[in-house]
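Asks: Can you keep this structure in mind? I'll have questions shortly.
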Amino acid sequence: MTYEEGFFYVIAAVTVIGALGVVTAKNVVHSALFLILALLGVAAVFILLASEFLAIVQVLVYGGAVTILILFAMMLTRARDVEGSLDGPQRPFAALAAITFMVTTILAVTKTEWRGETEEATVVDINQIGDALFTTWSVPFEIASLVLMVALIGAIILARGEEGE
Amino acid sequence: MLASLVANGTITQIKDFAPVISDVFDDYIAVLIATILGFVLVGTALIGNLVLSPRQKTEHKGVTYECGMLTIGRSRAQVHFRYYLFAILFLIFDIEAVFLFPWAVSFVRLGEQAFWEMMVFIGILAFGLAYAWKKGVLRWR
Amino acid sequence: MILQIAGNVWADAAVRMLIVSLLVPVGVIMLTWVERKVIGRLQQRLGPMRVGPYGLLQGVADTIKLITKEDVRPNTADRWTFELAVFVIVVPVFMAAVALPFTADIFVRNMALGLFYILAVSGLGIVGFVMAGWGSDNKYALLGGVRAGAQLISYEIPLILAAVAVAMLGQSLNLYTLVALQDDTPFIAYQPLAFIIFAIAGLAELYRQPFDIPVAESEVVGGPSVEYSGIRWSMFQMAEFVSLVLISVLASLIFLGGWIWPFSADNAGWLQALLMAIKTTMFILFFMWMRATLPRLRIDQLMALCWQILLPFAFLQIIINGLVLVYDWPDYTLTILSGAAAIAMGTLVYQTARRTGVLYQAPGIAQRVGSVL
Amino acid sequence: MIPIDNFLVLSAILFSLGMYGVLARRNAVLILMSVELMLQAVVINFIAFAVYLSPDAFTGVIFAVFVIVIAAAEVGLALGIILRVFRNRQISNVDEADLMKW
Amino acid sequence: MTDRPKIEVYEVKDDPQLSRSDIISPGLRREIKSLEPVPNDPSQGNAAYRQILPGIMQMPADWLIAWGRKSSLWPLTFGLACCAIEMISTFMARHDLDRFGIVPWPSPRQSDVMIVSGTVTKKMAPAVKLLYEQMPSPKWVISMGACATNGGPYTRYDRVLQGVDKIIPVDVYVPGCPPRPEALMDAFMALQRKIMEERGKIGKSA
Amino acid sequence: MLGILKAMGTTVRAAMRRPVTVQYPTEKKVLPHRSRGLPVLLWDFDKDEPFCTGCQVCARYCPVDCMTVTMKDNPKKATGKSSRKKIVDDFFIDYARCMRCDICVEVCNFDAIVMNNTWEGVELSRYDRQDLVMDLDTLLKQSHTGQLKDPFREPMGVAHSGWSPKSEEEDAEAAAAAKPPGEGGEG
Amino acid sequence: MATIDYTIPGERDLETVDIHVNVGPQHPATHGVFRMVLTVDGEVVTDVDPVIGYMHRGNEKLPENCDYRQVIGYHDRTDYLAQFNTEHCFVEAVEKLTGIVPTERSQYIRVILAELNRITSHLMFVGAFGTDLGVFGTSFMYAFRDREYVQEFFEEITGERMMYNYFRPGGVAWDVPENFTERCNQVVGQIKRGLEDLHGLLSNNEVVLARCRGLSRVTVDDAINWGLSGPLLRATGLAHDIRKTEPYSIYDRFDFDIPVGTEGDVLDRMMIRLEEMKQSVRIIEQALRDLPQGPTMAEGMKRILRVPEGEIYMRVESPRGEYGVYMVATGTDKPYRHKVRGASFCNLSALRAMSVGHYLADVVIILGSIDIVLCEVDR
Ligand code: SF4
Ligand code: SF4
Ligand code: SF4
């Protein structure tokens, strides 16, 4: 196996550990911190997939913004770290379902013969992204801005109350 | 000047200033090394501290510091929701920055259309900001 | 000419990074001494004098003292959060140092998206402050931590937007390209407004006066680091000083023409180093000067300054740049427009501060109390 | 070169972990974080297919960008809803938020 | 379990008296009993390098560490009474303690030496003791002024502690009411001498 | 912005000036003549004995009663060398408690005690609080060895508190009036 | 004082449980060992619970078994920033009871020293206030640079840097040195120069204006009801200064102005103190101009001062406000009852009313603007 694969396995391990922590940690803040770990691992996976821009976006949006948001929300809802209060009684069924899904998908993925699989990952340059984004994808781009604005206003209204004081 | 410079591809020659072939993978290997070194530096400092510093357990050494008084009530209390509002604002504008960076490096090539697209984008978000402003979210009260 | 230290690219990067990480403690030790001396002089006294000649060894002594100091963890603190916060605060600074060249020869890696990368990575440290504040189970630390979170994220936006303005001028995110473009005119001449915004936001990112609200000694006693002791606490200082240097280097790269302006692109290595040293030191001294002079803002004023003044003007700068570049107006229009906007911002702030009680918004309960009491 | 299957398997694992979280957790914020994990898995798939299988790679990347953006917006909104529920009912557990109105 | 916030604050707020006692007295009640003196332990705990390092190398290490400690003594910003004013003016520009590398820090976690500058009343004593215990070792105490040393002018008043060494071990005593800034500096230099003399002791507890 | 600029200008101007710092251990400012260190006793050179007769007036008037004085018959009186009937036998001052109020100096009828106006009266840090209780020899040493050049005796002696020609009844009155106030805390 | 209802609709968007934060007794912002328990809702302080008594050391009781000369030392230590003012109050009280007339020269010396002491006290305030505002110690440094000059001058006269014990019933302990006048002029010049720095650093700074303007406004009626005095009272616009309203020593011979504020906010309190220093300088210059020669101690003082039977309340304008002494004498050489009216104590009692509903950062500077001296609060 090439050294790249070695890196991949390390990174994948880190990511999976992070994800496991997220779903099993007994303390909400701890699972939020595990979430950071998982997200950074995913960013590293993006690097392995030769899409640098996306990795940086991942770090910028998730490493900085989303995690802070979640941490604040947590401290705000005062989700206490009480044993067992975080998981419901349905845990075993959830585990069952998750494992079934995982096994089936993995089988499907490994069995499939991907046609047109390139030997080299095509490196994505930021200029290409810019060109595509502002020519072919201009409409979704604008819509995204609308979505963001709606999210902003909605969040404000929800957090402050209808009349916004 | 700059625009013309960019237009007739002077940038491409200027890119040659870059001494090392900016190969993505190698870059991030360096980042990995840096991360490891950072951990190593802090770790060595902490280990040195572990070895060199005297350890003395007294009764109240671990008591939370609160101006010489004992803590009243729970310390890990609830933060205020305004912090959360500013986090939301930050999130939104952070995402805008995500779109701004590719735009910044390519809008001259793409010409007017891209420029005005981004202007509309900024305008819409600016409306969101104005709404927040009007709602007094920005005024901490 | 490329200074290739080791044959293999990775080994080369490793060696360079190793040098950096060895330089960091030394630099921090020297910087503490410099800061105490400079602030001492600004306060009409002599700083450290008796530890070594002119107190030169002061930083060394402090380091020895701190490393041989007991490392206390409060009983009620959340162990892992408390102890890992230090790493989360320090490591991103190192990661950012990778992409930051000092001169054409002194660098670690030259990234295609260097600017974007640095801005993204430096945002990671914020989580560390929130962790420290939450983990140490202390009210001052918690207040300081959330304050740090709110302040740093808020000021990251103007910082990023100012950087975008620079990237627009250079049509690139590569710091080498950006520096190379400033061989005859530094970007500060094109967009003073962006520079001012960058300086203010950078100052706030370093949480120094007048933006030292997270670590305010007279309110939250030292903020997130209140429960940390010994070398673990000094890591906070180290992160602060290193990011001080990073911000100064970045500013002098993207605004003051880095190692090229005012000389030609192919000036000698030592000259480049000298130029960068001068420019960086200028910034650092300026930050220290501000620290010794200015009082502290209040948190609502801080947020108001960021969201109501810096952010709109940053957008204004971006729009100006876009117009000038797209319609290929002459350069001086850019300078004029941006300068005018900068003056407008200054007068706006001046007026706001001067008018009675505009910046002071009583949080509401006050009136009730006034009536009740 | 890493075979594409690795990425797909990784994303499958992430997705099912997120699924477990969504099903097992009761705290709304934790459920939200699990949803984030699932979205990340999806994004990994997008990029993997894009850079390995598609001639113009950046389409997938742009899709990924949009996914990230919308996900972030969704986090903001969802947390807003959770805070709203918390404000009115002082609860942050989804089991108890069972009334349609209060 | 339902995660409802206890709104104890609002409930007790209806009766100010109740809230007062509720807020303040628990602290006080716990304070009262904690007035027995801190045992004086010159070794200040156990340092690992005492076991690891061979004896021949310990002496230079000791010297270096002691030098570092004596060259950066960080006192706790902690003013009690009139003496605090002279302490402040010692920190100020005219007699500049920063020359010795002495800068005050507000949190006991980051400070090495506690200047007990003024009268220690019996109400204040638990706080002083707690702050001293919160300081990470090695730590030292300077008893500044007559009051801190043995009650001074107020020694005849029963609410005043007859000397701070009744509750915490004191290293250096400075006479005077208040001591001149030079006297405080002299105390610091005496403390530095003491640190150098006792460098072998620290970290070597039996 | 102007105010901020003004403030920054102020700090820079301050940086231009000479620092006001006096580097204490190396350069010491001259203590003023009247400077009050801690009380010391004076040595009568021509009689070759302390001025102090142990009359204990100072001990009575000391607000914090930090002095202990005992008197004895002067052996030199017998040999006619001295005119003093009584002489101090033992004299302790607890410097750790003295509040430097200068009252002992005012009330002493024999100009026997003064406030130390040299640096020895300042640099008195001790590792043990017992070392701050000075006995007769320590108190006399300064003046005996002549380090105490010219101590400050206020020109009117104790006149300012009503110095009238001394008479027995007034002394007795004084003794009666000025009981050691209150009981001492811990010695 | 009525209790505040804590559920104000619209102000608590998300019901947050308030946290109680101890500020003090050891805190850089509480001058001395003052302790307040702040009830903080996010950043807003919804209740302030002051706790005093950490410095209660019998400053009123102990003098009752000291004779009248020893009491002076304890008055030094009551308000340890304005020692000469406190001594002045006490000796005036004794003189009024006994009918001793202090000599002219001693009166002038007293006034000069008291005014200089007012300046040092206000300098201390400005320094500490700047630090509360967040200046990195600079204002403190400048203020103490000038304060040192004055303290050294005091030492040349009295021999002590802080606890002077210099005034006596009937005059002053001993005469001032020969070069008194020129040294005093020199010191005054240094103070004037130093005030320039402080003004440049604080009084015009936008950040200070933004922080202090309109903060915790107090109306005249409130101020009178709360029993405020000194700069706090004058900041509300009421020109009440005991040196003018009932001139005690020889203050009626000098002409000086009483700076009054308009808003009653924190900024006014700071500016008033900065201005009062200038006025004190004016008084000192006039007093130096016509400083008479002559004895500094009244004639015919008995060796043991016995105060005839009677009681008196004497008050002076100390830098912090009205400093009063109530004394009952029974003919012995010790006061029978000895009570001190501390200005800081009465001003501090308004802290809760002034600071509830403000930001955490503001409560700190409001407390700083009251300028308390803990030994005077607790005594
Ligand atoms: S020793 Fe004197 S100056 Fe110091 S606190 Fe006690 S009374 Fe005040
Ligand atoms: S010092 Fe003076 S007053 Fe005191 S015992 Fe000696 S002679 Fe008497
Ligand atoms: S100076 Fe005062 S306190 Fe000291 S010994 Fe003399 S009388 Fe007593």
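By convention in this document, the chains of the structure tokens carry letters A, B, ... by their order, each chain's residues are numbered from 1, and ligands are numbered from 1 in the order they are shown.
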Mind listing the residues within 7 Å of ligand 3, only C-alpha atoms and all ligand atoms counted, as a ChimeraX atom specification?
Replies: /F:38-39,58,61-67,93,98-105
Asks: Can I get the residues close to ligand 1 as a PyMOL selection string, where close means within 8 Å and we count only C-alpha atoms and all ligand atoms?
Replies: (chain E and resi 80-84+117-119+144-148+151-154+176-179) or (chain F and resi 99) or (chain G and resi 77+80+162-163)
Asks: Taking only C-alpha atoms into account and nothing else, which residues of chain A lie no more than 6 Å away from chain C? Please answer as a PyMOL selection string.
Replies: chain A and resi 60+63-64
Asks: Selected residues, N, CA, C and O atoms, written as a PDB file, in the first residue's frame, please.
Replies:
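Output (out17.pdb):
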ATOM      1  N   LEU A  60     -12.900  26.408   7.948  1.00  0.00           N
ATOM      2  CA  LEU A  60     -13.415  27.747   8.251  1.00  0.00           C
ATOM      3  C   LEU A  60     -14.823  27.657   8.819  1.00  0.00           C
ATOM      4  O   LEU A  60     -15.127  28.204   9.877  1.00  0.00           O
ATOM      5  N   GLY A  63     -14.838  24.154  11.684  1.00  0.00           N
ATOM      6  CA  GLY A  63     -13.890  24.297  12.786  1.00  0.00           C
ATOM      7  C   GLY A  63     -14.165  25.559  13.578  1.00  0.00           C
ATOM      8  O   GLY A  63     -14.160  25.572  14.798  1.00  0.00           O
ATOM      9  N   GLY A  64     -14.439  26.652  12.859  1.00  0.00           N
ATOM     10  CA  GLY A  64     -14.656  27.887  13.586  1.00  0.00           C
ATOM     11  C   GLY A  64     -16.113  28.089  13.965  1.00  0.00           C
ATOM     12  O   GLY A  64     -16.481  28.027  15.122  1.00  0.00           O
TER      13      GLY A  64
END
Asks: Within 9 Å of ligand 2, which residues show up when you count only C-alpha atoms and all ligand atoms? List them as JSON, numbers by chain, please.
Replies: {"F": [40, 41, 42, 50, 51, 52, 53, 54, 55, 56, 57, 58, 59, 60, 61, 67, 68, 69, 70, 71, 87, 88, 91, 104, 105, 106, 107, 108, 109, 110, 111, 112, 113, 114]}
Asks: At most 6 Å is the cut-off: for each residue in chain E with any atom that close to an atom of chain F, write down the nearest atom pair and the distance in Å rounded to one decimal, counting only C-alpha atoms, chain first then increasing number, as a Markdown table.
Replies:
| residue | atom | partner | partner_atom | distance |
| --- | --- | --- | --- | --- |
| E:Ala93 | CA | F:Thr21 | CA | 5.8 |
| E:Arg94 | CA | F:Thr21 | CA | 4.3 |
| E:His95 | CA | F:Thr21 | CA | 5.5 |
| E:Ala146 | CA | F:Arg97 | CA | 4.9 |
| E:Gly152 | CA | F:Arg97 | CA | 4.5 |
| E:Pro153 | CA | F:Val64 | CA | 5.5 |
| E:Thr155 | CA | F:Gly185 | CA | 5.5 |
| E:Arg156 | CA | F:Gly185 | CA | 5.1 |
| E:Asp171 | CA | F:Tyr127 | CA | 5.7 |
| E:Val172 | CA | F:Tyr127 | CA | 4.7 |
| E:Tyr173 | CA | F:Arg126 | CA | 5.3 |
| E:Val174 | CA | F:Ser125 | CA | 4.8 |
| E:Pro175 | CA | F:Ala96 | CA | 4.8 |
| E:Cys177 | CA | F:Met99 | CA | 4.9 |
| E:Ala183 | CA | F:Glu123 | CA | 5.4 |
| E:Asp186 | CA | F:Glu123 | CA | 5.9 |
| E:Ala187 | CA | F:Ser125 | CA | 5.2 |
Asks: Since we have the selection now, will you write its residues out, keeping all heavy atoms, as a short mmCIF file (atom, residue, chain, number, x, y, z; two decimals), in the first residue's frame?
Replies:
data_model
loop_
_atom_site.label_atom_id
_atom_site.label_comp_id
_atom_site.auth_asym_id
_atom_site.auth_seq_id
_atom_site.Cartn_x
_atom_site.Cartn_y
_atom_site.Cartn_z
N ALA E 93 6.15 54.07 39.45
CA ALA E 93 7.31 54.48 38.66
C ALA E 93 8.50 54.89 39.52
O ALA E 93 9.64 54.63 39.17
CB ALA E 93 6.91 55.65 37.77
N ARG E 94 8.26 55.51 40.67
CA ARG E 94 9.38 56.07 41.41
C ARG E 94 10.32 54.99 41.93
O ARG E 94 11.51 55.01 41.70
CB ARG E 94 8.85 56.91 42.57
CG ARG E 94 9.94 57.67 43.29
CD ARG E 94 10.21 58.99 42.61
NE ARG E 94 10.92 59.89 43.50
CZ ARG E 94 12.08 60.44 43.19
NH1 ARG E 94 12.65 60.17 42.04
NH2 ARG E 94 12.66 61.29 44.02
N HIS E 95 9.77 54.03 42.67
CA HIS E 95 10.58 52.85 43.04
C HIS E 95 9.95 51.69 42.30
O HIS E 95 8.93 51.19 42.71
CB HIS E 95 10.56 52.58 44.53
CG HIS E 95 9.99 53.68 45.33
ND1 HIS E 95 10.75 54.46 46.14
CD2 HIS E 95 8.74 54.14 45.43
CE1 HIS E 95 9.98 55.35 46.71
NE2 HIS E 95 8.76 55.18 46.30
N ALA E 146 3.21 46.58 60.68
CA ALA E 146 3.00 46.13 62.05
C ALA E 146 1.76 45.28 62.16
O ALA E 146 1.75 44.25 62.84
CB ALA E 146 2.88 47.35 62.96
N GLY E 152 -0.12 45.18 65.37
CA GLY E 152 0.30 46.57 65.32
C GLY E 152 -0.56 47.46 66.19
O GLY E 152 -0.88 47.12 67.33
N PRO E 153 -0.97 48.60 65.67
CA PRO E 153 -1.75 49.54 66.48
C PRO E 153 -3.07 48.95 66.93
O PRO E 153 -3.63 49.38 67.92
CB PRO E 153 -2.00 50.71 65.53
CG PRO E 153 -0.99 50.56 64.47
CD PRO E 153 -0.71 49.13 64.34
N THR E 155 -3.63 45.87 67.85
CA THR E 155 -3.47 44.58 68.51
C THR E 155 -4.38 44.43 69.71
O THR E 155 -4.69 43.33 70.13
CB THR E 155 -2.01 44.44 68.96
OG1 THR E 155 -1.86 43.15 69.48
CG2 THR E 155 -1.69 45.46 70.01
N ARG E 156 -4.86 45.54 70.23
CA ARG E 156 -5.72 45.44 71.42
C ARG E 156 -7.17 45.19 71.04
O ARG E 156 -8.01 45.11 71.92
CB ARG E 156 -5.61 46.71 72.25
CG ARG E 156 -4.25 46.94 72.82
CD ARG E 156 -4.33 47.91 73.98
NE ARG E 156 -4.93 49.17 73.58
CZ ARG E 156 -4.25 50.18 73.06
NH1 ARG E 156 -2.95 50.08 72.90
NH2 ARG E 156 -4.85 51.29 72.73
N ASP E 171 7.48 34.22 55.67
CA ASP E 171 8.92 34.13 55.41
C ASP E 171 9.66 35.37 55.83
O ASP E 171 10.72 35.28 56.43
CB ASP E 171 9.15 33.88 53.92
CG ASP E 171 8.67 32.50 53.52
OD1 ASP E 171 9.39 31.54 53.79
OD2 ASP E 171 7.55 32.40 52.97
N VAL E 172 9.15 36.54 55.50
CA VAL E 172 9.87 37.77 55.81
C VAL E 172 8.91 38.72 56.51
O VAL E 172 7.75 38.85 56.12
CB VAL E 172 10.42 38.44 54.53
CG1 VAL E 172 11.19 39.68 54.89
CG2 VAL E 172 11.30 37.48 53.78
N TYR E 173 9.40 39.36 57.60
CA TYR E 173 8.63 40.36 58.31
C TYR E 173 9.24 41.72 58.04
O TYR E 173 10.46 41.87 58.08
CB TYR E 173 8.65 40.10 59.82
CG TYR E 173 8.00 38.81 60.23
CD1 TYR E 173 8.73 37.64 60.26
CD2 TYR E 173 6.68 38.78 60.59
CE1 TYR E 173 8.14 36.46 60.65
CE2 TYR E 173 6.08 37.60 60.98
CZ TYR E 173 6.82 36.44 61.01
OH TYR E 173 6.24 35.28 61.38
N VAL E 174 8.39 42.70 57.76
CA VAL E 174 8.87 44.06 57.56
C VAL E 174 8.25 44.93 58.65
O VAL E 174 7.04 44.99 58.76
CB VAL E 174 8.47 44.60 56.18
CG1 VAL E 174 9.30 45.80 55.84
CG2 VAL E 174 8.57 43.54 55.14
N PRO E 175 9.05 45.59 59.50
CA PRO E 175 8.48 46.49 60.49
C PRO E 175 8.10 47.82 59.86
O PRO E 175 8.48 48.13 58.73
CB PRO E 175 9.62 46.68 61.49
CG PRO E 175 10.84 46.56 60.66
CD PRO E 175 10.51 45.54 59.60
N CYS E 177 4.99 51.25 59.96
CA CYS E 177 3.55 51.44 59.92
C CYS E 177 3.25 52.72 59.18
O CYS E 177 3.11 53.74 59.78
CB CYS E 177 3.00 51.50 61.32
SG CYS E 177 1.26 51.81 61.38
N ALA E 183 11.77 49.83 52.37
CA ALA E 183 11.73 48.70 53.30
C ALA E 183 11.14 47.47 52.62
O ALA E 183 11.63 46.36 52.77
CB ALA E 183 10.92 49.07 54.53
N ASP E 186 13.63 46.07 50.39
CA ASP E 186 14.60 45.35 51.20
C ASP E 186 14.06 43.98 51.58
O ASP E 186 14.78 42.98 51.53
CB ASP E 186 14.91 46.16 52.46
CG ASP E 186 15.96 45.49 53.30
OD1 ASP E 186 17.06 45.28 52.77
OD2 ASP E 186 15.65 45.14 54.45
N ALA E 187 12.77 43.92 51.89
CA ALA E 187 12.17 42.63 52.22
C ALA E 187 12.25 41.69 51.03
O ALA E 187 12.55 40.51 51.17
CB ALA E 187 10.72 42.83 52.63
#
Asks: Could you check which of B:Gly111, B:Gly123, B:Gly136, B:Gly68 is closest to E:Pro106, using only C-alpha atoms?
Replies: B:Gly68
Asks: Determine the nearest neighbour of D:Ala28 from the options A:Leu69, A:Gly41, A:Met74, A:Val29, counting only C-alpha atoms.
Replies: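 Result for the nearest residue to D:Ala28: A:Met74.
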Asks: Distance atom CA of C:Leu152-atom CA of C:Gln209, one decimal place?
Replies: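 Answer for the atom CA of C:Leu152 to atom CA of C:Gln209 separation: 13.9 Å.
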Asks: Neighbours of C:Leu18 within 9 Å (only C-alpha atoms; same-chain residues fewer than 3 positions away dropped), as number ranges by chain?
Replies: B: 33-34, 37; C: 13-15, 21-23
Asks: Sorted by chain and rising residue number, list the residues of chain B at most 6 Å from chain A (counting only C-alpha atoms), each with its closest atom pair and distance in Å to one decimal, as JSON lines.
Replies:
{"residue": "B:Gln78", "atom": "CA", "partner": "A:Leu76", "partner_atom": "CA", "distance": 5.3}
{"residue": "B:Val79", "atom": "CA", "partner": "A:Leu76", "partner_atom": "CA", "distance": 5.4}
{"residue": "B:Tyr84", "atom": "CA", "partner": "A:Phe72", "partner_atom": "CA", "distance": 5.7}
{"residue": "B:Ala87", "atom": "CA", "partner": "A:Leu69", "partner_atom": "CA", "distance": 5.4}
{"residue": "B:Leu91", "atom": "CA", "partner": "A:Ala65", "partner_atom": "CA", "distance": 5.2}
{"residue": "B:Pro102", "atom": "CA", "partner": "A:Gly130", "partner_atom": "CA", "distance": 4.7}
{"residue": "B:Trp103", "atom": "CA", "partner": "A:Gly130", "partner_atom": "CA", "distance": 5.6}
{"residue": "B:Ser106", "atom": "CA", "partner": "A:Gly130", "partner_atom": "CA", "distance": 5.9}
{"residue": "B:Ala114", "atom": "CA", "partner": "A:Phe134", "partner_atom": "CA", "distance": 5.6}
{"residue": "B:Phe121", "atom": "CA", "partner": "A:Ser145", "partner_atom": "CA", "distance": 5.8}
{"residue": "B:Leu125", "atom": "CA", "partner": "A:Met149", "partner_atom": "CA", "distance": 5.7}
{"residue": "B:Gly128", "atom": "CA", "partner": "A:Met149", "partner_atom": "CA", "distance": 5.3}
Asks: Write a file of the just-selected residues containing all heavy atoms, as a CSV table (one decimal), in the first residue's frame.
Replies:
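Contents of the output file out-v3.csv:
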chain,number,residue,atom,x,y,z
B,78,GLN,N,-25.2,29.1,33.0
B,78,GLN,CA,-25.7,29.2,31.7
B,78,GLN,C,-25.3,30.6,31.1
B,78,GLN,O,-25.3,31.6,31.7
B,78,GLN,CB,-27.2,29.2,31.8
B,78,GLN,CG,-28.0,29.6,30.5
B,78,GLN,CD,-29.4,29.7,30.8
B,78,GLN,OE1,-29.8,29.9,32.0
B,78,GLN,NE2,-30.2,29.6,29.8
B,79,VAL,N,-24.7,30.5,29.9
B,79,VAL,CA,-24.3,31.8,29.3
B,79,VAL,C,-25.5,32.5,28.7
B,79,VAL,O,-26.6,31.9,28.6
B,79,VAL,CB,-23.2,31.5,28.2
B,79,VAL,CG1,-22.1,30.7,28.7
B,79,VAL,CG2,-23.9,30.9,27.0
B,84,TYR,N,-25.1,33.7,21.6
B,84,TYR,CA,-25.5,32.8,20.5
B,84,TYR,C,-25.9,33.6,19.3
B,84,TYR,O,-25.6,33.2,18.1
B,84,TYR,CB,-26.7,32.0,21.0
B,84,TYR,CG,-27.5,31.3,20.0
B,84,TYR,CD1,-27.0,30.1,19.5
B,84,TYR,CD2,-28.6,31.8,19.5
B,84,TYR,CE1,-27.7,29.5,18.5
B,84,TYR,CE2,-29.3,31.2,18.5
B,84,TYR,CZ,-28.8,30.0,18.0
B,84,TYR,OH,-29.5,29.4,17.0
B,87,ALA,N,-23.0,34.5,17.4
B,87,ALA,CA,-22.5,33.3,16.7
B,87,ALA,C,-23.2,33.0,15.4
B,87,ALA,O,-22.6,32.7,14.4
B,87,ALA,CB,-22.5,32.1,17.6
B,91,LEU,N,-21.7,32.9,11.7
B,91,LEU,CA,-21.8,31.8,10.8
B,91,LEU,C,-22.2,32.3,9.4
B,91,LEU,O,-21.6,31.9,8.4
B,91,LEU,CB,-22.8,30.9,11.4
B,91,LEU,CG,-23.1,29.6,10.6
B,91,LEU,CD1,-21.9,28.7,10.6
B,91,LEU,CD2,-24.3,28.8,11.2
B,102,PRO,N,-13.4,32.6,-3.7
B,102,PRO,CA,-13.3,32.2,-5.2
B,102,PRO,C,-13.7,33.4,-6.1
B,102,PRO,O,-13.1,33.6,-7.1
B,102,PRO,CB,-14.2,31.0,-5.3
B,102,PRO,CG,-14.9,30.8,-4.0
B,102,PRO,CD,-14.3,31.7,-3.0
B,103,TRP,N,-14.7,34.1,-5.6
B,103,TRP,CA,-15.1,35.3,-6.5
B,103,TRP,C,-14.0,36.3,-6.6
B,103,TRP,O,-13.6,36.7,-7.7
B,103,TRP,CB,-16.3,35.9,-5.8
B,103,TRP,CG,-16.8,37.2,-6.4
B,103,TRP,CD1,-17.5,37.3,-7.6
B,103,TRP,CD2,-16.5,38.5,-5.9
B,103,TRP,NE1,-17.7,38.6,-7.9
B,103,TRP,CE2,-17.1,39.4,-6.9
B,103,TRP,CE3,-15.9,39.0,-4.8
B,103,TRP,CZ2,-17.1,40.7,-6.7
B,103,TRP,CZ3,-15.9,40.4,-4.7
B,103,TRP,CH2,-16.5,41.2,-5.6
B,106,SER,N,-11.5,35.5,-9.2
B,106,SER,CA,-11.8,35.2,-10.6
B,106,SER,C,-12.8,36.3,-11.2
B,106,SER,O,-13.1,36.1,-12.4
B,106,SER,CB,-12.5,33.9,-10.7
B,106,SER,OG,-13.6,33.9,-9.7
B,114,ALA,N,-20.3,38.4,-13.1
B,114,ALA,CA,-19.9,37.9,-11.8
B,114,ALA,C,-20.0,38.9,-10.8
B,114,ALA,O,-20.5,38.8,-9.7
B,114,ALA,CB,-18.6,37.2,-11.9
B,121,PHE,N,-25.7,39.2,-4.1
B,121,PHE,CA,-25.5,38.3,-3.0
B,121,PHE,C,-25.3,39.2,-1.7
B,121,PHE,O,-26.0,39.1,-0.7
B,121,PHE,CB,-24.3,37.4,-3.3
B,121,PHE,CG,-24.1,36.4,-2.3
B,121,PHE,CD1,-24.6,35.1,-2.4
B,121,PHE,CD2,-23.2,36.6,-1.2
B,121,PHE,CE1,-24.4,34.1,-1.5
B,121,PHE,CE2,-23.0,35.6,-0.2
B,121,PHE,CZ,-23.6,34.4,-0.4
B,125,LEU,N,-27.6,39.6,1.8
B,125,LEU,CA,-27.1,39.4,3.1
B,125,LEU,C,-27.1,40.7,3.9
B,125,LEU,O,-27.4,40.8,5.1
B,125,LEU,CB,-25.7,38.8,3.1
B,125,LEU,CG,-25.8,37.3,2.9
B,125,LEU,CD1,-24.4,36.8,2.9
B,125,LEU,CD2,-26.6,36.6,3.9
B,128,GLY,N,-30.3,41.1,5.4
B,128,GLY,CA,-30.3,40.4,6.7
B,128,GLY,C,-29.7,41.1,7.8
B,128,GLY,O,-30.2,41.3,8.9
Asks: What is the atom CA of C:Ile284 to atom CA of C:Gln44 distance in Å?
Replies: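 Interatomic distance here is 19.7 Å.
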Asks: Find the residues around stretch 279-293 of chain G up to 6 Å (only C-alpha atoms counted), leave out those fewer than 2 positions away in its own chain, and share them as a VMD selection string.
Replies: chain G and resid 105 112 115 276 to 277
Asks: Only C-alpha atoms, please: the residues just picked out, written as a short mmCIF file (atom, residue, chain, number, x, y, z; two decimals), in the first residue's frame.
Replies:
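See selection12.cif below for the written result:
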data_model
loop_
_atom_site.label_atom_id
_atom_site.label_comp_id
_atom_site.auth_asym_id
_atom_site.auth_seq_id
_atom_site.Cartn_x
_atom_site.Cartn_y
_atom_site.Cartn_z
CA ARG G 105 0.91 80.21 61.40
CA ILE G 112 -1.65 74.02 53.07
CA GLU G 115 -5.01 70.79 50.54
CA GLU G 276 -10.63 70.17 42.53
CA MET G 277 -6.91 69.55 42.34
#
